[in-house]
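The structure under discussion appears below in the form of structure tokens.
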Amino acid sequence: MHIVVLAGGVGGARFLRGVLAAAPDAEVTAVVNTGDDVTLHGLRICPDLDTVMYTLGDGIDEDRGWGRRDESWTVKDELAAYGAEPTWFGLGDRDIATHLVRTRMLDAGYPLSDVTAALAQRWQPGVRLLPMSDQRVETHVVVDDPDTGRPRAIHFQEWWIRHRAALAASGFVQVGVDDARPGPGVVEAISTADAVVFAPSNPVVSIGTVLGVPGIRDAVRAATGRVVGISPIVDGAALRGMADRCLPVVGVEVSAEGVGRHYGARSTGGLLDAWLVHTGDQATVPGVDVRAVPLLMSSPEATRALAQAALDAAGAGHR
Ligand code: GDP
Ligand code: CA
């Protein structure tokens with residue numbers, strides 16, 4: 001059995017753990033958002049790829065949900081002492097080694113997919129970790145410049161981390177997406193998988209960004225296996241993080257139904273065959289098999305059961 005999971009960072013990584021527990025013999029491919037990627041202090045940083053890699057490789061800081069366990073922050077403090085901007089990004093000492101290796105390989109001409117495979121040699125995440133694209137695609141957020149009052153696009157990381165998504169946003173722009181192609185193996189994996197699963201990741205800036213790479217949405221629509229999505233919205237709110245700040249910007253209601261309808265049914269030009277919402281949440285998505293199951297990834301067993309429910313909905317549960 002081959003399972004493809006479209007994933008962002010924390011929600012994607014935790015869900016992937018559940019998939020590996022539910023289907024230990026399956027081949028699992030994670031197609032990961034790289035729209036959050038950013039270059040800071042000369043280092044190329046891929047937050048979502050690293051979150052998935054560290055989580056599945058048992059190097060993650062479980063409480064923060066990102067970055068390395070037993071992290072120290074000497075370099076960050078030293079950079080701040082120089083007044084070297086930006087100071088708002090959490091660059092840990094251990095984490096920096098990952099970014100140094102990545103940056104060096106990219107500078108030497110290796111594509112991000114090769115770099116990711118090389119880093120994964122160390123972490124052995126147990127899934128095939130594929131960046132959505134080897135080309136740079138960076139999510140920017142259109143905000144009103146407080147000084148000029150005019151619209152200005154800032155990098156997603158600046159909006160998300162520095163401003164805690166509190167600056168009113170009027171849109172998201174995927175800079176570079178028009179020239180991007182799906183990463184090596186991405187379309188083939190989606191096309192031939194027994195199941196394609198949208199992790200409970202941010203529908204706008206994680207899953208939405210992956211689907212925005214020309215060719216990926218079409219591959220999902222034409223996939224042989226069933227396509228199952230999991231709502232990141234439970235009881236009208238994002239469980240962790242600030243996904244509820246992104247949905248209104250693109251005109252989507254912050255509810256399991258709103259997100260399900262945003263993805264839409266494959267039978268009516270959308271993407272989903274099945275949609276998992278949290279027990280007690282109501283959602284009607286025309287043309288989609290909506291199932292209510294516990295969606296809280298609060299323990300390894302709960303996470304495994306959620307992944308099993310997704311595989312059941314894909315008809316791939318017991319193959
Ligand atoms: P990021 O890139 O680190 O922001 O992470 P993702 O995009 O992968 O996931 C963020 C989303 O995961 C948020 O919208 C959360 O609502 C969702 N999320 C986090 N924990 C859970 C959980 O236990 N269950 C569900 N259903 N969603 C979750
Ligand atoms: Ca992310």
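Naming scheme: A, B, ... for chains in displayed order of the structure tokens; residues 1 onward per chain; ligands 1 onward as shown.
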- Task: Find the spatial neighbours of Ile230 (chain A), counting only C-alpha atoms, within a cut-off of 7 Å - ignore same-chain residues fewer than 6 positions away - and output them as a ChimeraX atom specification.
- Result: /A:198-200,275-277
Applying 6 Å and only C-alpha atoms, which residues near region 35-45 of chain A remain after dropping the ones on its own chain fewer than 5 positions away? List them as a PDB file with C-alpha atoms, in the first residue's frame.
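Result file follows (part.pdb):
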ATOM      1  CA  HIS A  99      20.484  25.017   7.906  1.00  0.00           C
ATOM      2  CA  THR A 103      22.556  26.074   2.524  1.00  0.00           C
ATOM      3  CA  VAL A 137       7.973  29.565  -3.797  1.00  0.00           C
ATOM      4  CA  GLU A 138       7.597  31.953  -0.881  1.00  0.00           C
ATOM      5  CA  THR A 139       4.301  32.902   0.675  1.00  0.00           C
TER       6      THR A 139
END
- List every residue of region 44-195 of chain A that DSSP, applied to the backbone of this structure, places in helix (DSSP H, G or I), and write the result as an NGL selection string. :A and (47-56 or 74-81 or 93-107 or 112-123 or 156-162 or 177-179 or 186-192)
Can you build me a table of chain A residues sitting at most 6 Å from ligand 1, with the closest atom pair per residue and its distance in Å to one decimal, using only C-alpha atoms and all ligand atoms, sorted by chain and residue number, as JSON lines?
{"residue": "A:Ala7", "atom": "CA", "partner": "ligand 1", "partner_atom_place_in_ligand_line": "8 (O)", "distance": 5.6}
{"residue": "A:Gly8", "atom": "CA", "partner": "ligand 1", "partner_atom_place_in_ligand_line": "8 (O)", "distance": 3.5}
{"residue": "A:Gly9", "atom": "CA", "partner": "ligand 1", "partner_atom_place_in_ligand_line": "2 (O)", "distance": 3.4}
{"residue": "A:Val10", "atom": "CA", "partner": "ligand 1", "partner_atom_place_in_ligand_line": "3 (O)", "distance": 3.9}
{"residue": "A:Gly11", "atom": "CA", "partner": "ligand 1", "partner_atom_place_in_ligand_line": "8 (O)", "distance": 3.5}
{"residue": "A:Gly12", "atom": "CA", "partner": "ligand 1", "partner_atom_place_in_ligand_line": "8 (O)", "distance": 4.0}
{"residue": "A:Asp48", "atom": "CA", "partner": "ligand 1", "partner_atom_place_in_ligand_line": "2 (O)", "distance": 5.5}
{"residue": "A:Pro200", "atom": "CA", "partner": "ligand 1", "partner_atom_place_in_ligand_line": "27 (N)", "distance": 4.7}
{"residue": "A:Ser201", "atom": "CA", "partner": "ligand 1", "partner_atom_place_in_ligand_line": "9 (O)", "distance": 3.4}
{"residue": "A:Asn202", "atom": "CA", "partner": "ligand 1", "partner_atom_place_in_ligand_line": "7 (O)", "distance": 3.7}
{"residue": "A:Ser206", "atom": "CA", "partner": "ligand 1", "partner_atom_place_in_ligand_line": "7 (O)", "distance": 4.8}
{"residue": "A:Ser231", "atom": "CA", "partner": "ligand 1", "partner_atom_place_in_ligand_line": "26 (N)", "distance": 5.2}
{"residue": "A:Pro232", "atom": "CA", "partner": "ligand 1", "partner_atom_place_in_ligand_line": "27 (N)", "distance": 3.7}
{"residue": "A:Ile233", "atom": "CA", "partner": "ligand 1", "partner_atom_place_in_ligand_line": "16 (O)", "distance": 5.3}
{"residue": "A:Ala238", "atom": "CA", "partner": "ligand 1", "partner_atom_place_in_ligand_line": "16 (O)", "distance": 3.6}
{"residue": "A:Leu239", "atom": "CA", "partner": "ligand 1", "partner_atom_place_in_ligand_line": "16 (O)", "distance": 3.8}
{"residue": "A:Arg240", "atom": "CA", "partner": "ligand 1", "partner_atom_place_in_ligand_line": "15 (C)", "distance": 4.4}
{"residue": "A:Gly241", "atom": "CA", "partner": "ligand 1", "partner_atom_place_in_ligand_line": "13 (C)", "distance": 5.3}
{"residue": "A:Ala243", "atom": "CA", "partner": "ligand 1", "partner_atom_place_in_ligand_line": "14 (O)", "distance": 4.3}
{"residue": "A:Leu295", "atom": "CA", "partner": "ligand 1", "partner_atom_place_in_ligand_line": "26 (N)", "distance": 4.5}
{"residue": "A:Leu296", "atom": "CA", "partner": "ligand 1", "partner_atom_place_in_ligand_line": "23 (O)", "distance": 3.9}
{"residue": "A:Met297", "atom": "CA", "partner": "ligand 1", "partner_atom_place_in_ligand_line": "23 (O)", "distance": 3.5}
{"residue": "A:Ser298", "atom": "CA", "partner": "ligand 1", "partner_atom_place_in_ligand_line": "23 (O)", "distance": 5.9}
Could the residues in this selection be saved with all heavy atoms as a compact mmCIF listing (two decimals), in the first residue's frame?
# COMPACT_ATOMS: atom_id res chain seq x y z
N ALA A 7 1.28 17.77 3.47
CA ALA A 7 1.51 18.19 4.85
C ALA A 7 2.15 19.57 4.94
O ALA A 7 2.93 19.98 4.09
CB ALA A 7 2.43 17.18 5.55
N GLY A 8 1.78 20.26 6.02
CA GLY A 8 2.51 21.44 6.45
C GLY A 8 3.46 21.03 7.55
O GLY A 8 4.09 19.97 7.46
N GLY A 9 3.54 21.84 8.61
CA GLY A 9 4.48 21.56 9.68
C GLY A 9 3.89 20.70 10.78
O GLY A 9 3.78 19.47 10.63
N VAL A 10 3.49 21.35 11.88
CA VAL A 10 3.15 20.61 13.10
C VAL A 10 1.98 19.64 12.89
O VAL A 10 2.06 18.46 13.26
CB VAL A 10 2.83 21.59 14.25
CG1 VAL A 10 2.42 20.83 15.49
CG2 VAL A 10 4.05 22.47 14.53
N GLY A 11 0.88 20.13 12.29
CA GLY A 11 -0.28 19.26 12.08
C GLY A 11 0.06 18.11 11.14
O GLY A 11 -0.38 16.97 11.34
N GLY A 12 0.84 18.40 10.12
CA GLY A 12 1.24 17.38 9.17
C GLY A 12 2.15 16.34 9.80
O GLY A 12 1.97 15.13 9.60
N ASP A 48 8.72 23.74 7.52
CA ASP A 48 7.81 22.60 7.53
C ASP A 48 8.55 21.29 7.26
O ASP A 48 8.30 20.27 7.91
CB ASP A 48 6.66 22.81 6.54
CG ASP A 48 5.68 23.88 7.04
OD1 ASP A 48 5.89 24.42 8.14
OD2 ASP A 48 4.71 24.19 6.32
N PRO A 200 -4.27 17.37 8.69
CA PRO A 200 -4.97 18.51 9.28
C PRO A 200 -4.03 19.71 9.40
O PRO A 200 -3.77 20.20 10.50
CB PRO A 200 -5.42 17.97 10.64
CG PRO A 200 -4.43 16.92 10.98
CD PRO A 200 -4.03 16.30 9.67
N SER A 201 -3.52 20.13 8.28
CA SER A 201 -2.58 21.26 8.22
C SER A 201 -3.35 22.51 7.79
O SER A 201 -4.50 22.43 7.37
CB SER A 201 -1.47 20.95 7.22
OG SER A 201 -0.60 19.95 7.72
N ASN A 202 -2.69 23.62 7.90
CA ASN A 202 -3.32 24.89 7.54
C ASN A 202 -3.81 24.84 6.08
O ASN A 202 -3.02 24.65 5.16
CB ASN A 202 -2.30 26.02 7.72
CG ASN A 202 -2.92 27.38 7.60
OD1 ASN A 202 -3.64 27.66 6.65
ND2 ASN A 202 -2.67 28.24 8.58
N SER A 206 -0.49 26.05 4.13
CA SER A 206 0.24 24.77 4.03
C SER A 206 -0.33 23.96 2.87
O SER A 206 0.28 23.88 1.80
CB SER A 206 0.14 23.96 5.34
OG SER A 206 0.83 24.61 6.39
N SER A 231 -10.00 17.72 8.86
CA SER A 231 -10.18 19.12 9.23
C SER A 231 -9.20 19.56 10.30
O SER A 231 -9.08 18.90 11.34
CB SER A 231 -11.61 19.34 9.74
OG SER A 231 -11.73 20.67 10.19
N PRO A 232 -8.52 20.68 10.09
CA PRO A 232 -7.70 21.26 11.15
C PRO A 232 -8.54 22.15 12.07
O PRO A 232 -8.04 22.64 13.07
CB PRO A 232 -6.68 22.11 10.38
CG PRO A 232 -7.42 22.55 9.17
CD PRO A 232 -8.41 21.45 8.84
N ILE A 233 -9.80 22.32 11.69
CA ILE A 233 -10.70 23.16 12.48
C ILE A 233 -11.63 22.25 13.28
O ILE A 233 -12.32 21.39 12.71
CB ILE A 233 -11.55 24.07 11.56
CG1 ILE A 233 -10.64 24.93 10.66
CG2 ILE A 233 -12.49 24.96 12.38
CD1 ILE A 233 -9.74 25.89 11.39
N ALA A 238 -9.06 26.81 15.20
CA ALA A 238 -7.85 26.05 14.92
C ALA A 238 -7.33 25.50 16.24
O ALA A 238 -7.39 26.16 17.27
CB ALA A 238 -6.80 26.94 14.28
N LEU A 239 -6.84 24.26 16.20
CA LEU A 239 -6.46 23.61 17.45
C LEU A 239 -5.16 24.13 18.00
O LEU A 239 -4.95 24.19 19.19
CB LEU A 239 -6.31 22.12 17.18
CG LEU A 239 -7.65 21.41 17.24
CD1 LEU A 239 -7.48 20.00 16.76
CD2 LEU A 239 -8.18 21.43 18.66
N ARG A 240 -4.27 24.42 17.14
CA ARG A 240 -2.95 24.84 17.54
C ARG A 240 -2.54 25.82 16.47
O ARG A 240 -2.82 25.60 15.33
CB ARG A 240 -2.02 23.63 17.50
CG ARG A 240 -0.99 23.55 18.58
CD ARG A 240 -0.06 22.40 18.27
NE ARG A 240 1.30 22.86 18.45
CZ ARG A 240 1.98 22.69 19.57
NH1 ARG A 240 1.48 22.03 20.56
NH2 ARG A 240 3.20 23.17 19.69
N GLY A 241 -1.91 26.88 16.84
CA GLY A 241 -1.52 27.82 15.82
C GLY A 241 -2.65 28.76 15.48
O GLY A 241 -3.63 28.89 16.22
N ALA A 243 -4.37 29.13 12.30
CA ALA A 243 -4.96 28.91 10.98
C ALA A 243 -6.25 29.70 10.81
O ALA A 243 -6.63 30.07 9.70
CB ALA A 243 -5.22 27.42 10.75
N LEU A 295 -10.78 13.92 16.26
CA LEU A 295 -9.68 14.50 15.47
C LEU A 295 -8.54 15.04 16.33
O LEU A 295 -7.61 15.63 15.81
CB LEU A 295 -10.18 15.66 14.59
CG LEU A 295 -11.13 15.37 13.43
CD1 LEU A 295 -11.21 16.59 12.52
CD2 LEU A 295 -10.70 14.16 12.62
N LEU A 296 -8.64 14.88 17.64
CA LEU A 296 -7.59 15.45 18.50
C LEU A 296 -6.40 14.50 18.57
O LEU A 296 -6.54 13.37 19.05
CB LEU A 296 -8.13 15.71 19.91
CG LEU A 296 -9.38 16.59 19.98
CD1 LEU A 296 -9.78 16.83 21.43
CD2 LEU A 296 -9.12 17.93 19.29
N MET A 297 -5.25 14.96 18.13
CA MET A 297 -4.04 14.12 18.15
C MET A 297 -3.36 14.28 19.51
O MET A 297 -2.22 14.70 19.61
CB MET A 297 -3.12 14.50 16.99
CG MET A 297 -3.78 14.26 15.63
SD MET A 297 -2.69 14.52 14.23
CE MET A 297 -2.63 16.31 14.14
N SER A 298 -4.10 13.90 20.55
CA SER A 298 -3.66 14.19 21.91
C SER A 298 -2.77 13.10 22.50
O SER A 298 -2.15 13.31 23.53
CB SER A 298 -4.88 14.42 22.80
OG SER A 298 -5.84 13.40 22.55
- Extract, using only C-alpha atoms, all DNA, RNA and protein residues at most 10 Å from region 18-30 of chain A, discarding same-chain residues fewer than 6 positions from it, and format them as an NGL selection string. :A and (1-8 or 12 or 49 or 52 or 56 or 125-132 or 185-186 or 189-190 or 193 or 195-197 or 199 or 297 or 299-311 or 316-319)
Mind dumping the selected residues with N, CA and C atoms as a compact mmCIF listing (two decimals), in the first residue's frame?
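New file out_20.txt:
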# COMPACT_ATOMS: atom_id res chain seq x y z
N MET A 1 0.84 -1.20 0.00
CA MET A 1 0.00 0.00 0.00
C MET A 1 0.88 1.25 0.00
N HIS A 2 0.51 2.21 -0.83
CA HIS A 2 1.25 3.47 -0.90
C HIS A 2 0.32 4.61 -0.50
N ILE A 3 0.72 5.35 0.51
CA ILE A 3 -0.09 6.46 1.01
C ILE A 3 0.68 7.75 0.80
N VAL A 4 0.01 8.73 0.21
CA VAL A 4 0.63 10.04 0.04
C VAL A 4 -0.09 11.02 0.97
N VAL A 5 0.69 11.77 1.73
CA VAL A 5 0.12 12.76 2.64
C VAL A 5 0.63 14.14 2.24
N LEU A 6 -0.29 15.07 1.98
CA LEU A 6 0.10 16.46 1.79
C LEU A 6 0.17 17.10 3.17
N ALA A 7 1.28 17.77 3.47
CA ALA A 7 1.51 18.19 4.85
C ALA A 7 2.15 19.57 4.94
N GLY A 8 1.78 20.26 6.02
CA GLY A 8 2.51 21.44 6.45
C GLY A 8 3.46 21.03 7.55
N GLY A 12 0.84 18.40 10.12
CA GLY A 12 1.24 17.38 9.17
C GLY A 12 2.15 16.34 9.80
N LEU A 49 9.48 21.30 6.31
CA LEU A 49 10.28 20.10 6.09
C LEU A 49 11.01 19.70 7.36
N VAL A 52 8.66 18.16 10.03
CA VAL A 52 8.31 16.77 9.71
C VAL A 52 9.52 15.86 9.96
N LEU A 56 9.42 13.02 12.93
CA LEU A 56 9.45 11.60 12.61
C LEU A 56 10.81 10.97 12.96
N PRO A 125 13.28 9.41 8.71
CA PRO A 125 11.91 9.69 9.15
C PRO A 125 10.91 8.57 8.87
N GLY A 126 11.28 7.59 8.08
CA GLY A 126 10.36 6.47 7.84
C GLY A 126 9.35 6.77 6.76
N VAL A 127 9.42 7.95 6.17
CA VAL A 127 8.58 8.30 5.03
C VAL A 127 9.51 8.87 3.96
N ARG A 128 9.04 8.86 2.73
CA ARG A 128 9.77 9.55 1.68
C ARG A 128 9.36 11.02 1.77
N LEU A 129 10.35 11.86 2.04
CA LEU A 129 10.09 13.27 2.33
C LEU A 129 10.34 14.07 1.06
N LEU A 130 9.27 14.57 0.45
CA LEU A 130 9.42 15.30 -0.81
C LEU A 130 9.00 16.76 -0.64
N PRO A 131 9.89 17.70 -0.93
CA PRO A 131 9.44 19.09 -1.01
C PRO A 131 8.43 19.21 -2.15
N MET A 132 7.45 20.07 -1.98
CA MET A 132 6.42 20.23 -3.02
C MET A 132 7.04 20.64 -4.35
N GLY A 185 9.10 13.27 -8.42
CA GLY A 185 8.36 12.18 -7.79
C GLY A 185 7.01 12.58 -7.23
N VAL A 186 6.72 13.89 -7.14
CA VAL A 186 5.50 14.33 -6.47
C VAL A 186 4.25 13.91 -7.26
N ALA A 189 3.80 10.13 -7.42
CA ALA A 189 3.33 9.56 -6.15
C ALA A 189 1.82 9.80 -5.98
N ILE A 190 1.40 11.03 -6.22
CA ILE A 190 -0.03 11.35 -6.04
C ILE A 190 -0.87 10.54 -7.02
N ALA A 193 -0.86 6.57 -5.93
CA ALA A 193 -1.03 6.13 -4.54
C ALA A 193 -2.38 5.43 -4.35
N ALA A 195 -3.99 5.91 -1.58
CA ALA A 195 -4.74 6.94 -0.88
C ALA A 195 -3.94 8.23 -0.87
N VAL A 196 -4.65 9.34 -1.06
CA VAL A 196 -4.03 10.67 -0.94
C VAL A 196 -4.74 11.36 0.23
N VAL A 197 -3.97 11.76 1.22
CA VAL A 197 -4.58 12.32 2.43
C VAL A 197 -4.07 13.74 2.65
N ALA A 199 -3.35 16.15 5.36
CA ALA A 199 -3.18 16.21 6.81
C ALA A 199 -4.00 17.37 7.38
N MET A 297 -5.25 14.96 18.13
CA MET A 297 -4.04 14.12 18.15
C MET A 297 -3.36 14.28 19.51
N SER A 299 -2.72 11.95 21.86
CA SER A 299 -1.87 10.86 22.34
C SER A 299 -1.48 10.03 21.13
N PRO A 300 -0.44 9.21 21.26
CA PRO A 300 -0.07 8.35 20.12
C PRO A 300 -1.24 7.47 19.68
N GLU A 301 -2.01 6.95 20.63
CA GLU A 301 -3.12 6.07 20.25
C GLU A 301 -4.22 6.85 19.52
N ALA A 302 -4.54 8.05 20.03
CA ALA A 302 -5.57 8.86 19.37
C ALA A 302 -5.12 9.24 17.95
N THR A 303 -3.84 9.50 17.81
CA THR A 303 -3.31 9.90 16.50
C THR A 303 -3.33 8.72 15.54
N ARG A 304 -2.98 7.55 16.07
CA ARG A 304 -3.03 6.34 15.23
C ARG A 304 -4.46 6.06 14.78
N ALA A 305 -5.41 6.21 15.71
CA ALA A 305 -6.81 5.94 15.38
C ALA A 305 -7.31 6.92 14.32
N LEU A 306 -6.88 8.17 14.42
CA LEU A 306 -7.28 9.16 13.41
C LEU A 306 -6.74 8.76 12.03
N ALA A 307 -5.48 8.37 11.99
CA ALA A 307 -4.89 7.95 10.72
C ALA A 307 -5.63 6.72 10.18
N GLN A 308 -5.97 5.81 11.07
CA GLN A 308 -6.71 4.61 10.64
C GLN A 308 -8.06 5.00 10.04
N ALA A 309 -8.72 5.96 10.68
CA ALA A 309 -10.02 6.42 10.15
C ALA A 309 -9.85 7.03 8.77
N ALA A 310 -8.76 7.74 8.56
CA ALA A 310 -8.51 8.33 7.24
C ALA A 310 -8.28 7.23 6.20
N LEU A 311 -7.52 6.21 6.59
CA LEU A 311 -7.25 5.12 5.65
C LEU A 311 -8.53 4.32 5.38
N ALA A 316 -8.50 2.13 2.04
CA ALA A 316 -7.15 1.56 1.99
C ALA A 316 -6.75 0.98 3.34
N GLY A 317 -7.73 0.95 4.26
CA GLY A 317 -7.41 0.61 5.64
C GLY A 317 -6.85 -0.79 5.83
N HIS A 318 -7.33 -1.74 5.08
CA HIS A 318 -6.95 -3.12 5.41
C HIS A 318 -6.34 -3.83 4.21
N ARG A 319 -5.82 -3.02 3.31
CA ARG A 319 -5.25 -3.67 2.14
C ARG A 319 -3.90 -4.27 2.43
- Item | Among listed residues A:Cys46, A:Leu112, A:Val143, A:Val220, nearest ligand 2 (using only C-alpha atoms and all ligand atoms) | A:Cys46
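Using only C-alpha atoms, the shortest contact distance between Phe172 (chain A) and any of A:Arg136, A:Val187, A:Val142, A:Thr148 is found at A:Val142.
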